Each structure stands twice: as C-alpha cells, then as structure tokens.
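Here's the structure we're looking at; comments come further down.
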Amino acid sequence: MAAVSLDHALVLAAILFAIGFAGLLTRRNLIVVLACIEIMLNAAGLAFVAAGARWGQADGQVMFLFVLAMAAAEVAVGLAIAIRFRQSVKSLDIDDADRMRG
Amino acid sequence: MTALFYIAAVVAVLSTLMVVTRRHLVHALLYLVISLFAVAVVFYTLGAPFVAALEVIVYAGAIMMLFLFAVMLLNLQADSPLRVPRSAWIGPAILVAVLLAEMIYGLTMETQPLAGAEVGPQAVSEALYGPYVLGVELASMLLLAALIGARHVARTSDEEEATASMERSRAAAGKRPAAGTQSSAQGPAAEEADA
C-alpha cells in the first residue's frame with residue numbers, strides 16, 4: 001500500500017511538471033513564464049523527495065535542497081532580466097523579445 | 001496519512017492549473033503560493049518534515065517575495081490593474097482551508113508517514129555536511145554569483161551612464177600614451193605613403 005502511494009507521488013510530480021510545461025509553452029507574460037519554471041523545478045524536487053522517501057534515505061531531501069538553491073538563483077536573475085526587459089522593450093510579452101538587440 | 005496525501009495532491013494539481021490559466025498576474029501568483037503549500041503538505045505526508053518546512057520558508061516565503069517585489073518594481077498598473085477584487089479570494093481561501101484542516105489533522109493525530117519511517121532533519125543534515133559538503137559550497141557560490149548577476153543586470157539607467165562615463169574617462173586616461181606611440185608608429189608609414 002505504501003509503495004503504491006509513493007508511485008502516486010511520482011505521478012503527481014509528473015502531472016505538476018506537465019502543467020508547468022504547458023504553461024511555459026502557452027503563456028506570454030514573462031513573470032508567469034518564470035512562475036511556470038518554478039512549478040517545473042518544484043515538481044522535479046518532489047520526484048527527488050518521493051524517491052528518497054521510498055528507500056528511507058536522506059539523499060533525496062539533500063538533492064531537493066540543491067534544487068531549491070538553484071531555483072532561488074534562477075528566479076533572482078530571471079526577475080532582474082524581467083525588470084531590464086521592461087525598461088528597454090516597454091512590455092512584458094516574450095513575443096516582443098524576438099531581436100537580440102532590444 | 002494516505003487520504004491526506006491524496007487530498008493535498010488534488011489541491012496541488014487544482015491550484016497549479018489555476019496558476020497556468022489565470023489571466024491576471026496577481027491571481028496566478030496567489031495560486032502559486034497555494035500550490036507550494038500543497039506540495040509542502042505532500043512532503044509532510046511522505047515523511048520529510050524538514051523539506052516541508054523549507055518549502056514553505058524558502059519557496060512560499062522568499063521566492064514568492066521576490067516575485068512580489070518584481071511586480072511592485074515593474075509597476076504593472078498599465079498592463080493589468082493590481083487591485084484584486086473580493087471575489088478572487090474565494091477559490092484560494094477554499095483550497096487553503098482544506099490544507100489547514102489537513103495540517104491540523106496531521107499534527108494532532110498520531111499518523112504514520114507513507115514511507116514507514118520519516119527521515120528527519122538530523123539525517124538530512126548529516127548527509128548534507130558529510131558526503132554532500134562540496135555541493136553545499138557550490139550552492140553558496142551559485143547563490144553569490146546570482147546575487148551579483150542580478151544586481152548587475154537590474155541596475156538603473158543612471159547607474160549605467162555613470163559606469164559608462166567612468167569607463168570612458170578611464171579608457172581615455174589609459175589610451176593617451178598608447179595613442180602617442182600609435183601615431184609615432186604610423187608616422188613613418190604615412191611618410192612612405194606620401195613618398
């Protein structure tokens with residue numbers, strides 16, 4: 001019974017990842033795109049923790065901490081780019097970012 | 001605990017769907033906070049209480065605060081009004097109430113984690129500062145690089161002009177002797193061309 005639930009935790013991680021990926025492909029607002037990347041990273045971390053819990057090891061949680069640090073770094077730089085993008089292109093639509101020189 | 005897991009999973013999927021489908025940016029971020037809370041409850045039911053606490057503190061606290069600051073700095077009122085209508089709170093409130101009931105049930109009742117035994121903070125810390133200590137150092141370097149990079153990328157145009165003029169004056173000061181040697185080196189070549 002317990003193993004079934006842990007498989008279901010992996011299924012949940014896959015569903016969350018798929019939703020985040022669908023949002024990443026469809027949404028045009030840069031902030032929402034960054035939020036979708038956060039969802040996908042969080043789903044990956046959930047898969048790590050579920051796998052770690054399956055074998056009762058701490059390694060899964062350690063990997064989640066690294067995913068957490070990476071997500072924090074990514075979102076800091078991403079939001080800085082969003083502020084910069086807003087200053088130069090005067091919008092947050094990623095379709096407006098089709099040129100290398102803004 | 002199995003029922004807690006499935007309820008939290010349903011809340012996580014629903015709120016994540018709302019993040020992707022809401023047109024309004026602030027609504028989407030509001031639902032993202034609930035999604036992260038729901039995943040924290042899932043971590044708790046999986047027997048990882050340390051990571052559940054970190055999910056709330058770092059993801060729902062620090063990272064969502066970054067998003068909030070970005071929304072405030074970007075001054076998005078022209079794109080979408082930041083005023084959230086009263087009715088927008090109904091959906092998040094229901095989802096959060098479900099999570100709160102789950103947390104109260106899980107904390108007051110004696111429950112068994114799904115994996116059989118929970119992996120507590122001590123085991124995680126021993127792994128973190130034992131075999132994974134190099135990873136901790138690398139993560140600290142990554143965060144420092146992100147801090148400096150974000151500071152540099154998001155600088156204001158005034159600062160940029162100040163930096164550019166400073167670099168220009170420094171380059172001019174450094175170039176003067178170099179320009180002298182360059183003109184003297186060009187001198188004979190120009191004379192030869194004239195001849």
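In the structure tokens, chains take the letters A, B, ... in the order shown, each chain's residues start at 1, and ligands count up from 1 in the order shown.
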Show me a table, sorted first by chain and then by increasing residue number, of the residues of chain A having an atom at most 8 Å from chain B, each with its shortest atom pair and the distance in Å to one decimal, counting only C-alpha atoms and written as a tab-separated table.
residue	atom	partner	partner_atom	distance
A:Ala2	CA	B:Leu114	CA	5.4
A:Ala3	CA	B:Ala115	CA	7.6
A:Ser5	CA	B:Thr2	CA	7.1
A:Leu6	CA	B:Leu114	CA	7.5
A:Leu12	CA	B:Ala9	CA	6.7
A:Ile15	CA	B:Val13	CA	7.4
A:Leu16	CA	B:Val13	CA	6.4
A:Ile19	CA	B:Leu17	CA	6.6
A:Gly20	CA	B:Val20	CA	7.2
A:Ala22	CA	B:Val20	CA	8.0
A:Gly23	CA	B:Val20	CA	5.1
A:Arg27	CA	B:Val20	CA	7.5
A:Ile31	CA	B:Phe67	CA	7.8
A:Val32	CA	B:Leu25	CA	7.0
A:Ala35	CA	B:Leu32	CA	7.6
A:Cys36	CA	B:Val20	CA	7.4
A:Ile39	CA	B:Thr16	CA	7.8
A:Leu46	CA	B:Phe43	CA	7.5
A:Val49	CA	B:Phe43	CA	7.3
A:Ala50	CA	B:Leu46	CA	6.8
A:Ala53	CA	B:Ala115	CA	5.7
A:Arg54	CA	B:Ala115	CA	5.8
A:Trp55	CA	B:Ala115	CA	7.9
A:Gly56	CA	B:Val119	CA	6.5
A:Gln57	CA	B:Val119	CA	7.0
A:Ala58	CA	B:Val124	CA	5.0
A:Asp59	CA	B:Ala127	CA	6.9
A:Gln61	CA	B:Val51	CA	6.5
A:Val62	CA	B:Leu128	CA	6.1
A:Phe64	CA	B:Val51	CA	7.7
A:Leu65	CA	B:Val51	CA	7.8
A:Phe66	CA	B:Ala139	CA	6.7
A:Leu68	CA	B:Tyr59	CA	7.6
A:Ala69	CA	B:Ala139	CA	6.4
A:Met70	CA	B:Ala139	CA	7.4
A:Ala72	CA	B:Ile63	CA	6.3
A:Ala73	CA	B:Ala146	CA	5.1
A:Glu74	CA	B:Ala146	CA	7.4
A:Val75	CA	B:Ile63	CA	7.3
A:Ala76	CA	B:Ala150	CA	6.1
A:Val77	CA	B:Ala150	CA	4.8
A:Leu79	CA	B:Ala70	CA	6.3
A:Ala80	CA	B:Ala154	CA	4.8
A:Ile81	CA	B:Val153	CA	6.4
A:Ile83	CA	B:Leu74	CA	6.2
A:Arg84	CA	B:Ala154	CA	5.7
A:Arg86	CA	B:Leu74	CA	7.1
DSSP-assigned alpha helix (DSSP H) members of chain B, reported as a count of residues only: 144
In Å and to one decimal, CA of Met40 in chain A is distant from CA of Ala18 in chain A by 7.8 Å
Polymer residues at most 9 Å from Val98 in chain B, only C-alpha atoms, same-chain spacing of 5 or more positions, as an NGL selection string: :B and (7-8 or 11 or 93 or 103)
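Each of B:Leu100, B:Leu68, B:Arg86, B:Met1 was checked against Ala38 in chain B using only C-alpha atoms; the smallest atom-to-atom distance is that of B:Leu100.
Going from CA of Glu38 in chain A to CA of Ala88 in chain B covers 22.6 Å.
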